[in-house]
Each structure stands twice: as C-alpha cells, then as structure tokens.
There are 2 protein chains.
Amino acid sequence: MRKDLERFFGPRSIAIVGASQDLVTISGQPLKHLQSHHYRGKLYPVNPKYQEILGVKCYASLAALPETPDLVLVLINAARVADTLRQCGKKGVPYVIIYSSGYSEVGGAGVNMQQELAQIAAEFNIGVIGPNCQGMINVADSVFAGFGSVFGFDYDPGGVSMVSQSGGFGFSVMNLAAKDGGLNFRQMVTTGNEIGVSSLDFMDYFIDDPQTSIIVGYIEGLKDAHRLVDVGNRALRKKKPILAWKVGNTEQGQKAAASHTANLGGAMALYQAAFRQSGIIQVEDIQDVTDYGHAFQCGKLPAGNRVAIITISGGAGILMTDECVARGMQLPQLAPATIEKLRQIVPSFGSLINPIDVTAAIFSDMSMIGRTLNAILDDPHVDSIAMINASLPGETAARIAAEIAAVAKQTDKPIFLAWSARDAVAQEAYATLDALNIPHYKSPVRCGRALAVLSSYAEALRRHAAQRSEKALAITSADARKMLAGKKEDVSEYAAKQVLAYYGIGITREELAANAEQALAMARRIGYPVALKVQSPDIPHKTEAQAARLGLTSDGAVAAAYDEILRNARAYNAAACIEGVLVQEMVTGGIEAILGVTNDKLFGPAVMFGLGGIFAEVLKDVAFRIAPVTKSVALDMIAEIKGYAVLTGARGAVHADIDALADAIMRLSALALDLKDHVAELDINPLFVFAQGKGVKAGDALIRPLVGERREERGVGDE
Amino acid sequence: MRKDLERFFGPRSIAIVGASQDLVTISGQPLKHLQSHHYRGKLYPVNPKYQEILGVKCYASLAALPETPDLVLVLINAARVADTLRQCGKKGVPYVIIYSSGYSEVGGAGVNMQQELAQIAAEFNIGVIGPNCQGMINVADSVFAGFGSVFGFDYDPGGVSMVSQSGGFGFSVMNLAAKDGGLNFRQMVTTGNEIGVSSLDFMDYFIDDPQTSIIVGYIEGLKDAHRLVDVGNRALRKKKPILAWKVGNTEQGQKAAASHTANLGGAMALYQAAFRQSGIIQVEDIQDVTDYGHAFQCGKLPAGNRVAIITISGGAGILMTDECVARGMQLPQLAPATIEKLRQIVPSFGSLINPIDVTAAIFSDMSMIGRTLNAILDDPHVDSIAMINASLPGETAARIAAEIAAVAKQTDKPIFLAWSARDAVAQEAYATLDALNIPHYKSPVRCGRALAVLSSYAEALRRHAAQRSEKALAITSADARKMLAGKKEDVSEYAAKQVLAYYGIGITREELAANAEQALAMARRIGYPVALKVQSPDIPHKTEAQAARLGLTSDGAVAAAYDEILRNARAYNAAACIEGVLVQEMVTGGIEAILGVTNDKLFGPAVMFGLGGIFAEVLKDVAFRIAPVTKSVALDMIAEIKGYAVLTGARGAVHADIDALADAIMRLSALALDLKDHVAELDINPLFVFAQGKGVKAGDALIRPLVGERREERGVGDE
C-alpha cells in the first residue's frame, strides 16, 4: 500500500464524489471549506445532478475528469462506495478518503462491505483513509478536506501533527489546543475504521516529515499493533515525542471501542508495555497535549531529573514539589557555593532549602531575578528550574518576564514557569515568554507535571541510546519446533520444560518414568527427596486429581506413591491418556516468580513477569513487554512491579538472583519469537529464583499451542 | 477563643496598624483596596508618621481611636506586633489579622515570638488570623482586607467560601476559578501560621453560613486535626460539599510544609482516612475546584451511580466511559421500553448500547433532542445523563442548548454536558446553560470526572445518613488502665494480649509459667501442640534470641524447651528482666492480618488494618480510620485494601470471618479511645482470621505506652 503520504497531504488536485449544493450537509461542506481556506490546487466536484457548485464546474463521473486527481473524497451512501473506489483504482488515483459510514461499526452486512473496500484498495494499490472518518486538515498548506464546525476556522501553522481514529474528538483536540491552548498544528488526519492507511503509517510519515516536531495520536485500537514499538523507537531516534491517548481502558470502554470503529481494543497492558518500551507519552485529556506540547517546544532537554523550584508562594511550592516528586523528579540540595551567592540576594525570612522561597522581595529590584536564576543555573546539582510567580500582573509582570527571558536565552537548562495571572492581565509578560518558547502554566501542578514529562522523555532518550548497543538474544531450536509441530492440546509439564531447556532456561532435575522400576532408579539418580506427578494432557490439575505426591524420601515411598498416583489418575478420568509419571527433585528455598508468554493476535509475542502467589493472582502485579526483550529492558520489567522489594531482601529474605532472572526473561523472549508460529500461551509457574549467584529454576510449566484459525490466518502450515 | 466570625467577615470598622502612604507596598495596599472596592464601614489608618492617607484621617496609635474597631489589620515589623496585639486586647478588639511574617516559618527566635502572640491572644480572647497571611476578601460585602494583585479586581458574589493556609496560592485559586472558571465566591480568607482562628474554625463557620453552599480548603497541616472528621460530618449533614487540598504528600513536600507555615504535615494516611470517613472531596488542582464546583451548583444529586452517556462522537464516548467507570460509576443497559422509544429516533447506524451513539442526525430535527433525553430520563435504570455535543458552535449550538435546558428544568436527574466548542463561538448556548446551572465542560474526561465526583458525594450522603443510626462501641476497662499506669517500656505479648482481652478481642489460649512444672501443667491444660516463648520487655525479638520454640508435642519436649529458652535468653541479654515463659496454643489455619492503633499527636487515636506478610510490609496495603469506628466503617476499611480478595476466597481459600474481623476493629477502636492517655502505639501481628463463623484470634501483640512529653502535653497525671 502507498505510504508516500506527502502527496496525500499536499494534493495538486482533489475530486469530491457526492459533492452537494447544500453547503450545510456533510457532502456539501468539503468543497466549501477547501474554497474558503483558499486551497491552491484544482477542485473537481463530481455529481451528475449539478453543472456547477460554488462556481466550480461539476462532473458527472470520475471518468469524465480531465486528469487523475491526487486525492478523491468520497461522500456518498455506503452501498455505492465500492463501485466508486473501483473507478478510482482504474483511473490510478493514489489516495481516497472515504467519509461514509455504515461499515463494520454497525456490524452485519457492514462488515462484508468493508472487506470488499479493503480488497479493492489492495487490488488497485489505493491508499484509503477511512471509511467512517472526518477527513484531514493540512494547516501548513491550507488543505481543509473534511466536514465539521472545526473546519470553519483558520489556524496558525505550527509543528504539531496529529492522527486520530476519532473524527469528532480528534478535531476538538486540535481546535481547543490551537485556539485556547496556543499550540499550533501542521497536519491533522482522522482515520476512522482504518482499512487502508493506518495510524501507525501516519506516525511513521510524521517522524520523517521535517516540519513536524511533535506527534499526537488518539488510539482506540491498532490492527498493526506489532509495529508500535518500532515506530516509537524510530521517533525516539529522531527526537520527536509522541503524545498518545489509548482509550477503551475499562471493560465498558472497550465494548464501546468495539462497537465504534470495530477495532479490537487489544490488551491495555500490552499497549502500556509498548508505550513504556518506546518512550511514547500517554495523555489523558486535551490539556495534557497543550501542556506537554509547550514543554517540548522549549527546545531544551534536561540532562537529569533534578529540579530547583523557586517560589514566592510557599503553598504553591509545596504543591509543585508533591507533583514533581510523585512523577520521579528529585529536588537536590543546592551546592554550598550556590547558597553563598543566594544569601546575598534572598531576605532572611526566605528559605534556601529546595523548594527555594525567595519571597516577593526579589521583585523589588529587577536585577535580583537574573542574579538568582543564574546562581541556581550554575549549580552542578541542578538540571532544570521551575519558578512560581503567583498571580503577578501588568507592567511588573512584563518586566519580570523580560528578566527571565534574558536568562533563558543564555542557558541550555529548561526554565519553566507557574504563573497564575490571567491572560487578560499579563498579556505583555506572556507574549515575551511565548516569543522564546518559555513554557508557562496557570497552576504549579500543571507546570510540575509538564516539566516531569519532559524530564522523563529526556531519560527515555538516554535509555534508548544506551540500549541501542544492546542486542536481544536470538535462539533457534529445531528440536523445540519439531516437538510442538501439530500439537493441538496443552503441552504438559515434562515436555513444556524440555522446550524451556532448549532455550537455556533452568528447570528442575526430572525424568519421565514408564513404570515403577524406572521411577525408583530415577529417584536414586536425582537424590531424595523427590516428587512424583502424573503426566497427562487430560489432567491439567494434578493436585485436584490427587495425582501428585511431594517430598518422598525413600524407595518404599516412591514405589507406593507410583501406584497410588496412577490409581487416582484413572479414578479421576478413566479415559485420560497417561504419558507417564514424572520423577522430580524437590526444590527448597527460592522466591516463587511467574513468567509467561502471550502471543497476542495484534502485538505478536509478549513476555510477562510477576511474583508468585497473591502478587500475580490477587494484585495483578505483573509487567509485560513486547518481544524482543534485551537485558536492560528485562531488568526494567523486574523493577517495575510493586513487589520488587521482595527480590531485594525485604522482610529479611536474601537478595535474589535478579541477573539470572533477567537472563531467563531474555531467553523466554527469544523462545517466544522463535516459536511464534507454535505457541499461543506459555506459563512458567512457579519459577524459583534463588539467592544471588544461584540462578533460577522452572518448577512447573504449561504450553498452549497455537491452533486453528490463528495459524491459518498467519498462513502457517502444519509441516 | 472567639468563633462568632460574622463580625470578622462583616466588620463595622477596621483599623490598619502600619498603614502607609506608599500604596504599592504591602502596608500601603489594604487601605487602598478597601477604599477602591467601596468598603461601607469606618476606616482608621494608624501610623504616627501621617496625618492622613488617601484622604482618611490617620491616628497616631490604637489608643487614640474614637471607638473600638471590629477588626484590626496589623502590617508592621514582627518585633513590634506583640505590643500592638496587647493594645488591641486592652481595647477589647475582637479580631486581628496579623500579616507580618518572620515567625515560626523562619525558626529560631521567630518560634518564641509566635508563642508570645498566641499567649496574648488567649489572655485577651482575641480572634487572631495569621500571622504570615495575606488577609481576607468578603466579596458579598465588598471587604477587601489584604494585599496582592488579586485584590485589584472586582468579583461577582456567589456561594463558594474558601479558607487557605497559603495566601499566594489561595488567592490565585479564587482569581482563576472566578474569572476564568466562572465560579463565584462569597468569602475567602487565608490563615498562614494559624495561631488563632484555624482553618477548621472557618470551615465550621461556613457550614452554618446560610449564604455559603460550597466550601473550599487548602490545607498544609491542621493543628486541630482531631476535629476534621466531626467538621466533615457536620458539613455532610448540612449537604455542603467540602473540596480540599491536602499538600505536602511527599517527603520533600512535607519538608517544604514544615519550613513554610511551621505546621506539622501530619500523616497523609490519616488525612485521607479522615476525608474518606467524612465525605470531604480531595482536589489536586485549580480546575478541579471549578469543575466540581459547577457540578455541585447544578443543585441535583443523582439517586445512584448509573449514568447514561449520550454521544455524537464515538471517540469522546469511549473517553468518558473510561473516566466514569474508573471512578466507580456504572453504565447500565437501557430498559427494553427505552430502547423501543429510541429506535424511533436514532438512525440505524447509531448504537443503543450505553454509551449511546445517537449520531449527529438527532440535531437535524431539534424536537428529537427532547424526545431522546426524556426517553432516557424516564428509564428506571438511569440516575444521571452525560451528553457529548462535540464542538458544535453558533446558532445551532444555541438551539440545542435551549432544547436541553427545557428538559433539564423538568427533571431531578442531573444532566451534564461535554461540549468542546470554544467560549467565543458558543456564547449564547453556554449562557442558556449557565442560567440554569447546567454543568458543561470542554472535555469528556472533565465532564465524566465531575459527574463521578457528584455521584460519589451523593453516595457519601446516603452512607452518612445510614451510619447515623449506628453507634460505635464504648468500652471502659479500669483493669486495663491500671495495668498500663506508669508503664514506660514496651508491654510484651502476654500483658498486651490481656489488655486486648479486656476489650473482648479474641486471643490465643496461653498462660505465663514461672517454672518448668507450671509450664508442663499449662501445656496439658491447653492441649498439645504448644509454643513456648520467653516474656521480657528487654527481648523484643524472641526469635532472634532463640527464646521461642514452636510446635512442642509432648511433656518431654516442653520441659527441654523451657530450660533451653531461658538459657538462650540469658545468653542473649544477661541483664534482661525475665517475666516468665509463655505457654501458648499453636494456631493452625486462618489468614494472617495486622491490626494496629496509632495515637497521633494531631488526630488522636486511629486504627489500622492490613493483611499480614508482604501486604502490609512490602506493599503498604493498609487502611486507616480515625476512632471511633462503627461497624460499617470497619467493613469499609476491610474492603478498601487491595488484597481484599484474599479474605473472600481468592486462590481457593475459604471465605474469612469478616464479620468477626470488623468486630475486632470496632473493639480496638473502643480500646484506643478508652486508653488514649496510656497507649502511643499498639500492634496485633498476626491476627488470625478464621473461616466464616470461626472468629479471630490475636497471635501476638505489643503495646508502646504513651510516655514523657506527650503525656505532659496532654496534662495526664501518672495517677
């Protein structure tokens, strides 16, 4: 499919199929908006009912056009769209926006109609946007190709480009952020049901677009979610922050998402994992976009997360401190030399402990502002400054802003301001700040939050740079693939752990016995005490079936247990296929963890880590990452869970072998990728994590093979 | 101290000590602001330097005034304030605002100076506000008694009254919420270091003030925190919501709070417990105040938490759904009759599953809006409506607003709107809504959040009404008090559990043996297996000292263990005072919980509940409540923790005796109140919670007595 979207955003000619003389209706609006915003290319309304619309010659059909337009807008009844799309294909039209709705979002016949459109688009290599979308605005080049009240206004061009799966909400973000929030947009496109060009395609394009500096996305669900981490990492390399909504986070929200654009919501946990892995910044509301957008436009990145807060209002200083610290920033103590310098400036009733209360006295002599800021900027412990100017208005405000601006020009360290004066009473001050892209916010909370987001992003950039030299493990095991080939039922413990062993993940010492004599010999080889467990795909819950015995300490006990287990297993399920009895070492000590693989339909293989028992099951305290997972990402995963302290010696426990745990996660990631056509789910539960230097050992494991529909979809043969 | 604050907010005369002719300085501003806002009472500037200021006769001293003013503003150097305050006292002045700073917030001599002021205020029964504050604005009566840029503007009077411990931040909240947020204030006062009239005094006053409908507070720390729950409950009874900041939530934020107004930050956990117990709504930022304020001003309370979301933008509907559900609301399915009615109105490509996508088609015929809303309002499953109107502007917007207003007038169910049109393009629509107090928000997230807050508040009111018939247990035990009288060192297990038993909390069967023969006899009485533990205030960690033995099953084992334990205890600490050896039943089964009492310096006795092991220690997953705790509050505490599922049968466990657990919490609350002069801290760890109907049993306990300074402060004799 076409991805050279420059021609999409900057079409030399646009045809409008279904254009109407009723300029209030949806089909009447695009021509009106394109004209009123002075679109510079050729316009071809297509509608057999009219000779002209708004003074522009109207054509009876696409075939009648004098040239092949770069872009066709389709605004006709859903039932007639397929035919039009085919005509576009025959004419060689590169891009088509389908506004019409009535497709998969309504279910039933709509689903089939949408599939037909996708097939036509593929056949003719058309870049389709939509259906069920609201179009595009290219502010920079005055292309207003869509409908809705937001199209009625002019906008100042800027460096923010946005793609939204929702039309109504997406355009309201642009309108409010631009008009009320002062954040200027470059391009804005809505993708609706996304049968063709996807949100990630647009993000990919924005990453390479030299005029775009900030990317915004509104995501309900991505059909090509497996690309998300790559797109995020590419944006990191180009230092273009991506601010994104991921909605449908609650069960009911997800239902709404499914019925809306017919996208699968995907698993929120995987989206969040992908965001975290690739530095994508999650936003919750429109103001976040404006607030963070202004933060990024300052053009500076703090070298670390240490902020000096300067305030004339103690209360606001506390609020900002709470917000910054809660979001991972630190308030360093100032160096003695800095304190020495400040003592000359700040009155005795001020405070030189960070947050630094300089009191309003520093505004009595404007030169003190510069001296104060410079003293703090020179401090090697300080990476950024957040200054709180209360509600100061008018001319005083203007003079203060000028002083701050003079300092900001000379430094690489970000200076952010919390300034509560209303726009109406501090126009000159704010204009001075805006001219230099010095971020200022009405509340200390918003200011602290935006600075913390900038700081986290800078950290993500540093982490990403460090990780680029890292390589994820790649392991190929023909044995493992052979073992799983054609499997349809759950693979039970012994075989599943053999698979783990192929990828170098430690497992308990164990052998599979076919009779009591073998079991005895194995028990002696392994060493007492041992456990005996029946192995059968038909008995997934061995304990429930009383088909497992632990802590056997003698030959006699093993022999007795062997018979008992088989008896119980047959009593539990007479038809069960019994593979044998597993003789296994008894593990003592170690912390119980859980590792897992989920081979997501949209994201592909992802790995999961958590602690055993209540941590995973009751508290859902687990971390996900999309494979591949490198060592530092595995360590980040481990440190992410709330129960992390359990691994580092909480409650008098020994420090666990976190290094070996991270290694096992990497190996599991390699397994997940190597077996992505065979494994749907994999659980290691428990994974025993021993003391530092003692490694890890899988205590039990289960593999659910990839079968049926999923395999066919992927085009995987059963070899 | 004076609490009749009506005269404070509406003084008939005001003296300004330290008034200056330099109208820009802090001491020059109050007279200027009082005059320019047309204060209707008498003004008496006091300064020996001047004959007059701004045409008002200036007096050389307070003594020279022709009358006793209702209110004196003090704006002089800290060192001279005590003398002035004494003069106020002698003259019988009821209220004094001390603006001057340089007191406990700077430490050192400032602390003593502040204490002196407090003594003078007490001696003369003066209601002191401050020191280190920014004054007061009574919008309703045009009393602008303070300094700062915010005093330079006029405000429309309304029903919101606010008290803030921060001057700068407090007034910026009022200014932004009023001017940009359209929320009108009645009275606004800042209290600074709060040596006299406290934030809770003001809240108490606002609760009884008939013109105040919403109360806002900015709290750094309350010296009279023990009153917080009572004040909150009183506000609930008067149906006046309290919106409050509690700042200083992080360690560093707390440090800033201490250095700022010299308030102790108190424990955030106790503030949050008190807020939750009494329906106080915590806010995080200025916009929360405006958003929630408008929600409450709608004058309707939903009867339940079931919201119908109506949208013309699927995307916005999902966002709002996420927000509502995350905050405890439910999206019910509509009744069949409602769906029947809606089918006549909503186009086939809309969706009648809540969130209900009515599509923009319903705006094509204005009468459809009323029919749609009324059909949904009539649904018995629906308690409130949130409607999303995207960015619709202009005349269409005005007509839609009028239709909605007509419906809203006729219903008791709240109707909230998310409407993203900018103010500039939807003035008429918004004016129509504002006239009827129909809340509208620029983003669906803010709309959903505000409705959820209103809904939670309505729920708190219902809960409060139900709880009023409940009585907390009151238990008095002279024996317990006698046992703890004069105790200075930690009270060890046996005695601590005797204290628990006095209040009816179940404990393990156990007796204290003075020799091996006694131990044997006790073990037989209790029944094997038993545990033996040394009892000594000098050996708090019995296991570490190897002075405890568990699971003893025979006379021989008991005899041997008895000697061994005493030997080990003496080896561990030869000087230890040994009270005896505890012979105790071994408990099997049961879930381990932790109960505790903390007798907070500011809040008084509070009780704590958590689950044992990692829950409390690693995850800090505990719930606090200020005593007294009734049954339903105890049940709320239990259900609050994240690990709650462990008690209700998660992981195949039996359902725990939650009723008995709640009873134990109530009894502990009664103990904490009865022994509030004796107990500083108490821990029950573990408390075994058995299966339903089987009760609870304290496995171990420790009491730390209240000693030294704390007891003296409280004026408690050693009897």
# chains A, B, ... in the order shown; residues from 1 in each chain; ligands from 1
>>> calpha_fit_rmsd(fixed="chain B", moving="chain A")
0.1 Å
>>> select_by_dssp(residues="range 371-575 of chain B", states="alpha helix (DSSP H)", output="MDAnalysis selection string")
chainID B and resid 371:377 394:409 427:435 444:467 478:484 493:502 516:526 555:572
>>> residues_around(residues="range 395-412 of chain A", least_positions_apart="4", cutoff="9 Å", atoms="only C-alpha atoms", output="list in words")
Lys300, Leu301, Pro302, Phe363, Met366, Ser367, Ile369, Gly370, Leu373, Asn374, Leu377, Asn389, Ser391, Ala421, Ala426, Gln427, Glu428, Ala429, Tyr430, Ala431, Thr432, Leu433, Leu436 and Ile438 of chain A
>>> closest_residue(among="A:Ala375, A:Val581, A:Val231, A:Ala326", to="Leu342 in chain A", atoms="only C-alpha atoms")
A:Ala375
>>> residues_around(residues="range 97-113 of chain B", least_positions_apart="4", cutoff="8 Å", atoms="only C-alpha atoms", output="list in words")
Phe349, Gly350 and Ser351 of chain A; Leu71, Val72, Leu73, Val74, Leu75, Ile76, Asn77, Ala78, Ala79, Val81, Ala82, Leu117, Val128, Ile129, Gly130, Pro131, Asn132, Cys133, Gln134, Gly135, Asn193, Ala258, Ser259, His260, Thr261 and Ala262 of chain B
>>> residues_around(residues="Tyr292 in chain A", least_positions_apart="5", cutoff="8 Å", atoms="only C-alpha atoms", output="compact mmCIF listing (two decimals) with N, CA, C and O atoms, in the first residue's frame")
# COMPACT_ATOMS: atom_id res chain seq x y z
N ALA A 450 4.26 18.99 33.58
CA ALA A 450 4.82 19.13 32.24
C ALA A 450 6.35 19.01 32.28
O ALA A 450 6.96 18.37 31.42
N VAL A 453 7.26 15.42 32.70
CA VAL A 453 7.09 14.67 31.44
C VAL A 453 8.29 14.92 30.52
O VAL A 453 8.85 13.98 29.93
N LEU A 454 8.71 16.16 30.43
CA LEU A 454 9.89 16.49 29.61
C LEU A 454 11.12 15.74 30.15
O LEU A 454 11.91 15.18 29.38
>>> closest_residue(among="B:Val283, B:Ile505, B:Val607, B:Leu31", to="chain A", atoms="only C-alpha atoms")
B:Val283
>>> select_by_dssp(residues="range 165-269 of chain B", states="strand (DSSP E or B)", output="list in words")
Phe185, Arg186, Gln187, Met188, Val189, Thr190, Ile214, Ile215, Val216, Gly217, Tyr218, Ile219, Ile242, Leu243, Ala244, Trp245 and Lys246 of chain B
>>> residues_around(residues="range 356-361 of chain A", least_positions_apart="6", cutoff="8 Å", atoms="only C-alpha atoms", output="PDB file with C-alpha atoms, in the first residue's frame")
ATOM      1  CA  ALA A 308      15.269  23.539  41.572  1.00  0.00           C
ATOM      2  CA  ILE A 309      11.894  25.009  42.455  1.00  0.00           C
ATOM      3  CA  ILE A 310      11.922  28.760  43.053  1.00  0.00           C
ATOM      4  CA  THR A 311       8.836  30.291  44.598  1.00  0.00           C
ATOM      5  CA  ILE A 312       7.428  33.421  46.160  1.00  0.00           C
ATOM      6  CA  SER A 313       4.451  31.453  47.497  1.00  0.00           C
ATOM      7  CA  GLY A 314       5.235  28.663  49.904  1.00  0.00           C
ATOM      8  CA  GLY A 317       5.963  25.462  46.131  1.00  0.00           C
ATOM      9  CA  VAL A 346      17.291  36.385  49.340  1.00  0.00           C
ATOM     10  CA  PRO A 347      15.890  38.016  52.507  1.00  0.00           C
ATOM     11  CA  PHE A 349      12.796  35.188  56.050  1.00  0.00           C
ATOM     12  CA  GLY A 350      13.148  33.335  52.758  1.00  0.00           C
TER      13      GLY A 350
END
>>> closest_residue(among="A:Asn125, A:Ser166, A:Ser384, A:Gln333", to="chain B", atoms="only C-alpha atoms")
A:Ser166
